[in-house]
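Inspection log for the structure reproduced underneath, given as structure tokens.
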Amino acid sequence: MKNFNSDLDIAIVGGGAAGFFAAINIAEQNPNLTIAILERGKTGLQKVKISGGGRCNVTHAEFIPSELVTNYPRGKKELLGPFHTFMTGDTIAWFEERGIALKTEEDGRMFPVSNSSQTIVDCFINQAKKHHVNVMYNYSVKSINVQEYGFTLKTSKEDISCKKIIIATGSNPKIWNLLEDLGHTIVSPVPSLFTFDIRDERIKDIPGVVAKNVEVKVLGTNLESQGPLLITHVGMSAPAILKLSAFGAVELAKLNYNFKISVNFIQQDTEDCLNGLKELKLTLAKKIVYKAPQFNLPKRLWKELVLASNISEEERWADLDKNQLEALASQLTNAIFKVTGKSTFKEEFVTAGGVDLKEINFKTFESKSIPNLYFAGEVINVDAVTGGFNFQNAWTSAYIAAQSITKK
């Protein structure tokens with residue numbers, strides 16, 4: 001093996017998903033290049049290992065670029081072209097060619113058939129070894145200096161010279177500071193995937209309940225989303241909430257995570273709901289309201305909304321007055337909850353922010369201002385909703401950066 005450290009062709013800063021994917025693709029396309037991954041930790045691929053609850057949500061079964069980009073609150077416009085070059089189908093083929101079959105779950109998320117993220121980690125480690133990529137652990141980059149021939153990197157261990165660099169460090173403030181020193185604009189980072197903290201009597205005793213098809217609006221904004229909603233020990237989660245947290249990342253940060261939401265549990269107009277309840281008053285006259293859930297709502301949630309409408313546990317449909325019917329219609333279609341904070345969503349720690357998209361050439365993922373400096377993954381201001389989309393951005397950007405480097 002060549003002496004990597006003295007004069008490297010390509011240095012890849014960051015030993016995560018994007019870093020390994022870029023390194024392997026460069027090495028496959030041009031075996032003559034000397035490539036090293038500089039990883040600040042003592043092991044790499046940590047996010048890959050814990051993602052998807054340890055199963056690794058590799059990508060999402062969405063095969064139309066214009067549909068796929070709608071899952072990216074930041075990067076939607078910019079990723080359309082790149083997804084025509086390398087997309088979900090290419091990701092599936094890439095892993096299958098290396099002996100890893102993926103499977104699709106009901107919600108579209110794709111995992112290795114093994115159900116273990118270790119399968120993906122082992123694939124990357126083995127491919128890197130096979131193609132003589134030097135993976136250097138405990139190498140923390142302290143500065144990046146532009147030279148005539150390329151770059152000098154000062155690291156925690158030694159200085160490294162290279163002709164080209166790919167920055168694949170994800171949401172790393174220290175690296176963002178170094179890129180700012182080089183003249184790049186960094187969009188301030190804010191959390192992008194989080195659950196809502198809500199203290200409310202209506203949901204206090206029913207954690208684990210799922211309302212399957214709700215509509216949630218953030219009052220005072222244009223933010224709204226639809227989908228399943230999960231009641232948790234601290235508030236609300238699941239896609240209806242996570243979509244809002246992603247698309248509203250910047251706006252909700254400005255509100256300091258204190259705002260009100262309106263939840264329509266049955267996706268019906270309040271007036272239509274009220275008319276429906278009036279009919280139920282006649283058809284279910286003798287039944288006890290509390291014990292007769294309607295609109296396919298979970299029993300426990302129905303009971304809480306009934307009690308919140310000033311209807312007792314014994315009252316029958318026939319006994320309900322106009323005010324009670326209106327209150328129940330309001331609870332079902334326009335229940336107001338106060339959000340008082342956020343909680344990180346499991347292992348999906350995603351950040352909005354990073355290198356300004358205007359400063360990147362999305363045909364190559366190269367810096368527009370610094371030749372031979374490339375980006376891959378979440379270091380740039382791209383983020384997605386949960387479901388394998390953030391990894392797809394990593395694979396696509398890393399692949400295109402690798403292709404651009406080997407073609408030059």
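Every chain in the structure tokens has a letter given in the order shown (A, B, ...), and although residue numbers restart at 1 in each chain, ligands are simply numbered from 1 in the order shown.
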
- [ ] Can you pull out every residue within 9 Å of Asn177 of chain A, counting only C-alpha atoms, but drop anything in the same chain fewer than 5 positions away, and send it as a ChimeraX atom specification?
- [x] /A:172,182,186

For those residues, write C-alpha atoms to a file as a PDB file, in the first residue's frame.
```pdb
ATOM      1  CA  ASN A 172     -20.588  19.131  12.967  1.00  0.00           C
ATOM      2  CA  LEU A 182     -12.773  29.380   3.957  1.00  0.00           C
ATOM      3  CA  ILE A 186     -23.341  28.397   7.004  1.00  0.00           C
TER       4      ILE A 186
END
```

Task: Within 10 Å of Pro31 of chain A using only C-alpha atoms, minus same-chain residues under 6 positions, as a VMD selection string - done: chain A and resid 24 to 25 131 to 133 406

Give me, as a compact mmCIF listing (two decimals) with N, CA and C atoms, in the first residue's frame, the residues of segment 224-291 of chain A that a backbone DSSP run labels strand (DSSP E).
```
# COMPACT_ATOMS: atom_id res chain seq x y z
N GLU A 224 -49.07 22.81 8.33
CA GLU A 224 -50.06 21.78 8.60
C GLU A 224 -49.59 20.45 8.02
N SER A 225 -50.10 19.35 8.57
CA SER A 225 -49.73 18.04 8.05
C SER A 225 -50.82 17.03 8.36
N GLN A 226 -50.78 15.90 7.66
CA GLN A 226 -51.73 14.81 7.90
C GLN A 226 -50.96 13.51 8.14
N GLY A 227 -51.65 12.57 8.78
CA GLY A 227 -51.03 11.27 8.99
C GLY A 227 -51.36 10.72 10.37
N PRO A 228 -50.73 9.58 10.73
CA PRO A 228 -50.95 9.01 12.05
C PRO A 228 -50.40 9.91 13.15
N LEU A 229 -51.05 9.88 14.32
CA LEU A 229 -50.60 10.65 15.47
C LEU A 229 -50.53 9.72 16.68
N LEU A 230 -49.40 9.72 17.36
CA LEU A 230 -49.19 8.86 18.53
C LEU A 230 -49.17 9.71 19.79
N ILE A 231 -49.97 9.31 20.78
CA ILE A 231 -49.92 9.96 22.10
C ILE A 231 -48.76 9.31 22.87
N GLY A 235 -46.19 13.79 25.26
CA GLY A 235 -46.94 14.63 24.34
C GLY A 235 -47.43 13.88 23.11
N MET A 236 -46.95 14.33 21.93
CA MET A 236 -47.40 13.73 20.67
C MET A 236 -46.24 13.47 19.73
N SER A 237 -46.37 12.38 18.93
CA SER A 237 -45.33 12.01 17.98
C SER A 237 -45.98 11.38 16.75
N PHE A 259 -46.03 27.04 21.31
CA PHE A 259 -47.07 27.42 20.35
C PHE A 259 -48.29 26.53 20.58
N LYS A 260 -49.37 26.80 19.86
CA LYS A 260 -50.57 25.99 19.98
C LYS A 260 -50.84 25.25 18.67
N ILE A 261 -51.34 24.03 18.80
CA ILE A 261 -51.73 23.28 17.61
C ILE A 261 -53.22 22.97 17.67
N SER A 262 -53.81 22.84 16.49
CA SER A 262 -55.19 22.39 16.37
C SER A 262 -55.15 20.99 15.76
N VAL A 263 -55.80 20.04 16.41
CA VAL A 263 -55.81 18.67 15.90
C VAL A 263 -57.23 18.31 15.45
N ASN A 264 -57.35 17.91 14.19
CA ASN A 264 -58.61 17.40 13.66
C ASN A 264 -58.49 15.88 13.63
```

- [ ] For each of A:Lys338, A:Ser51, A:Phe124, A:Leu223, take the minimum atom-to-atom distance to Trp94 of chain A, counting only C-alpha atoms, then give the residue where this is smallest.
- [x]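 Of A:Lys338, A:Ser51, A:Phe124, A:Leu223, the one nearest Trp94 of chain A, counting only C-alpha atoms, is A:Phe124.
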
TODO: Check segment 254-337 of chain A with DSSP on the backbone and list each residue it calls helix (DSSP H, G or I), as a PyMOL selection string.
DONE: chain A and resi 254+270-283+289-291+299-308+317-319+322-333

Find the residues of segment 310-334 of chain A that sit at most 8 Å from segment 280-290 of chain A; for each, write down the nearest two atoms and how far apart they are in Å, to one decimal. Count only C-alpha atoms. Sort by chain, then by number going up, and give it as CSV.
```
residue,atom,partner,partner_atom,distance
A:Ile311,CA,A:Tyr290,CA,7.9
A:Ser312,CA,A:Tyr290,CA,7.5
A:Glu313,CA,A:Tyr290,CA,5.4
A:Glu314,CA,A:Ile288,CA,6.2
A:Glu315,CA,A:Ile288,CA,5.6
A:Arg316,CA,A:Ile288,CA,4.1
A:Trp317,CA,A:Lys281,CA,4.7
A:Ala318,CA,A:Ala285,CA,4.3
A:Asp319,CA,A:Ala285,CA,7.9
A:Leu320,CA,A:Lys281,CA,7.4
```

Open item on the list: I need the residue nearest Lys303 of chain A from this list: A:Asp181, A:Glu106, A:Glu39, A:Asp205. Use only C-alpha atoms for the distance.
Closed with: A:Asp205

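Closest to Trp176 of chain A among A:Ile64, A:Ile370, A:Ile380, A:Leu153 is A:Ile380, based on only C-alpha atoms.
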
- [ ] Pick out the residues sitting within 7 Å of Pro65 of chain A, and hand them over as a PyMOL selection string; count only C-alpha atoms, and ignore anything fewer than 3 positions along from it in its own chain.
- [x] chain A and resi 68-69+80+83-84

Open item on the list: Between atom CA of Asn134 of chain A and atom CA of Ala394 of chain A, what is the distance in Å, rounded to a tenth?
Closed with: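 So the two atoms, atom CA of Asn134 of chain A and atom CA of Ala394 of chain A, lie 20.3 Å apart.
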
Task: Counting only C-alpha atoms, the option among A:Ile37, A:Val382, A:Ala93, A:Ile166 closest to Thr351 of chain A - done: A:Val382

- [ ] Could you give me, as a PyMOL selection string, the residues within 6 Å of Ala402 of chain A, counting only C-alpha atoms and dropping anything in the same chain fewer than 2 positions from it?
- [x] chain A and resi 22+25-26+399-400+404-405

Same residues, C-alpha atoms, saved as a PDB file, in the first residue's frame:
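Ended up saving to selection15.pdb:
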```pdb
ATOM      1  CA  ALA A  22     -18.053   8.272  -1.452  1.00  0.00           C
ATOM      2  CA  ASN A  25     -17.332   4.571  -5.171  1.00  0.00           C
ATOM      3  CA  ILE A  26     -14.191   6.589  -5.915  1.00  0.00           C
ATOM      4  CA  TYR A 399     -22.101   9.010  -5.405  1.00  0.00           C
ATOM      5  CA  ILE A 400     -22.233  12.163  -7.540  1.00  0.00           C
ATOM      6  CA  SER A 404     -17.263  14.031 -10.411  1.00  0.00           C
ATOM      7  CA  ILE A 405     -13.838  13.399  -8.857  1.00  0.00           C
TER       8      ILE A 405
END
```

Task: Contact residues around Tyr139 of chain A with only C-alpha atoms at 9 Å, ignoring same-chain residues under 3 positions, as a list in words - done: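 In the requested format, the answer is Leu38, Glu39, Arg40, Gly41, Lys42, Met136, Thr155, Ser156, Lys157 and Glu158 of chain A.
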
Could the residues in this selection be saved with N, CA and C atoms as a PDB file, in the first residue's frame?
```pdb
ATOM      1  N   LEU A  38     -10.897  10.279   7.071  1.00  0.00           N
ATOM      2  CA  LEU A  38     -10.447  10.780   8.374  1.00  0.00           C
ATOM      3  C   LEU A  38     -11.660  10.861   9.292  1.00  0.00           C
ATOM      4  N   GLU A  39     -11.671  10.019  10.305  1.00  0.00           N
ATOM      5  CA  GLU A  39     -12.804   9.962  11.233  1.00  0.00           C
ATOM      6  C   GLU A  39     -12.338  10.376  12.621  1.00  0.00           C
ATOM      7  N   ARG A  40     -13.034  11.348  13.204  1.00  0.00           N
ATOM      8  CA  ARG A  40     -12.588  11.881  14.503  1.00  0.00           C
ATOM      9  C   ARG A  40     -12.799  10.893  15.647  1.00  0.00           C
ATOM     10  N   GLY A  41     -13.769   9.974  15.510  1.00  0.00           N
ATOM     11  CA  GLY A  41     -14.042   9.009  16.585  1.00  0.00           C
ATOM     12  C   GLY A  41     -13.166   7.776  16.488  1.00  0.00           C
ATOM     13  N   LYS A  42     -13.302   6.905  17.479  1.00  0.00           N
ATOM     14  CA  LYS A  42     -12.495   5.679  17.431  1.00  0.00           C
ATOM     15  C   LYS A  42     -13.151   4.587  16.592  1.00  0.00           C
ATOM     16  N   MET A 136      -8.798   6.113   8.760  1.00  0.00           N
ATOM     17  CA  MET A 136      -7.936   6.600   9.850  1.00  0.00           C
ATOM     18  C   MET A 136      -8.793   7.133  10.987  1.00  0.00           C
ATOM     19  N   THR A 155      -4.469  17.932  11.495  1.00  0.00           N
ATOM     20  CA  THR A 155      -5.311  17.031  12.276  1.00  0.00           C
ATOM     21  C   THR A 155      -4.736  16.862  13.684  1.00  0.00           C
ATOM     22  N   SER A 156      -5.470  16.165  14.519  1.00  0.00           N
ATOM     23  CA  SER A 156      -5.028  15.932  15.898  1.00  0.00           C
ATOM     24  C   SER A 156      -3.779  15.059  15.949  1.00  0.00           C
ATOM     25  N   LYS A 157      -3.416  14.426  14.820  1.00  0.00           N
ATOM     26  CA  LYS A 157      -2.251  13.535  14.816  1.00  0.00           C
ATOM     27  C   LYS A 157      -1.113  14.040  13.944  1.00  0.00           C
ATOM     28  N   GLU A 158      -1.434  14.569  12.768  1.00  0.00           N
ATOM     29  CA  GLU A 158      -0.386  15.008  11.838  1.00  0.00           C
ATOM     30  C   GLU A 158      -0.996  15.899  10.764  1.00  0.00           C
TER      31      GLU A 158
END
```

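Shortest separation to Ser117 of chain A among A:Lys49, A:Lys212, A:Lys363, A:Lys322 occurs at residue A:Lys49, atoms counted being only C-alpha atoms.
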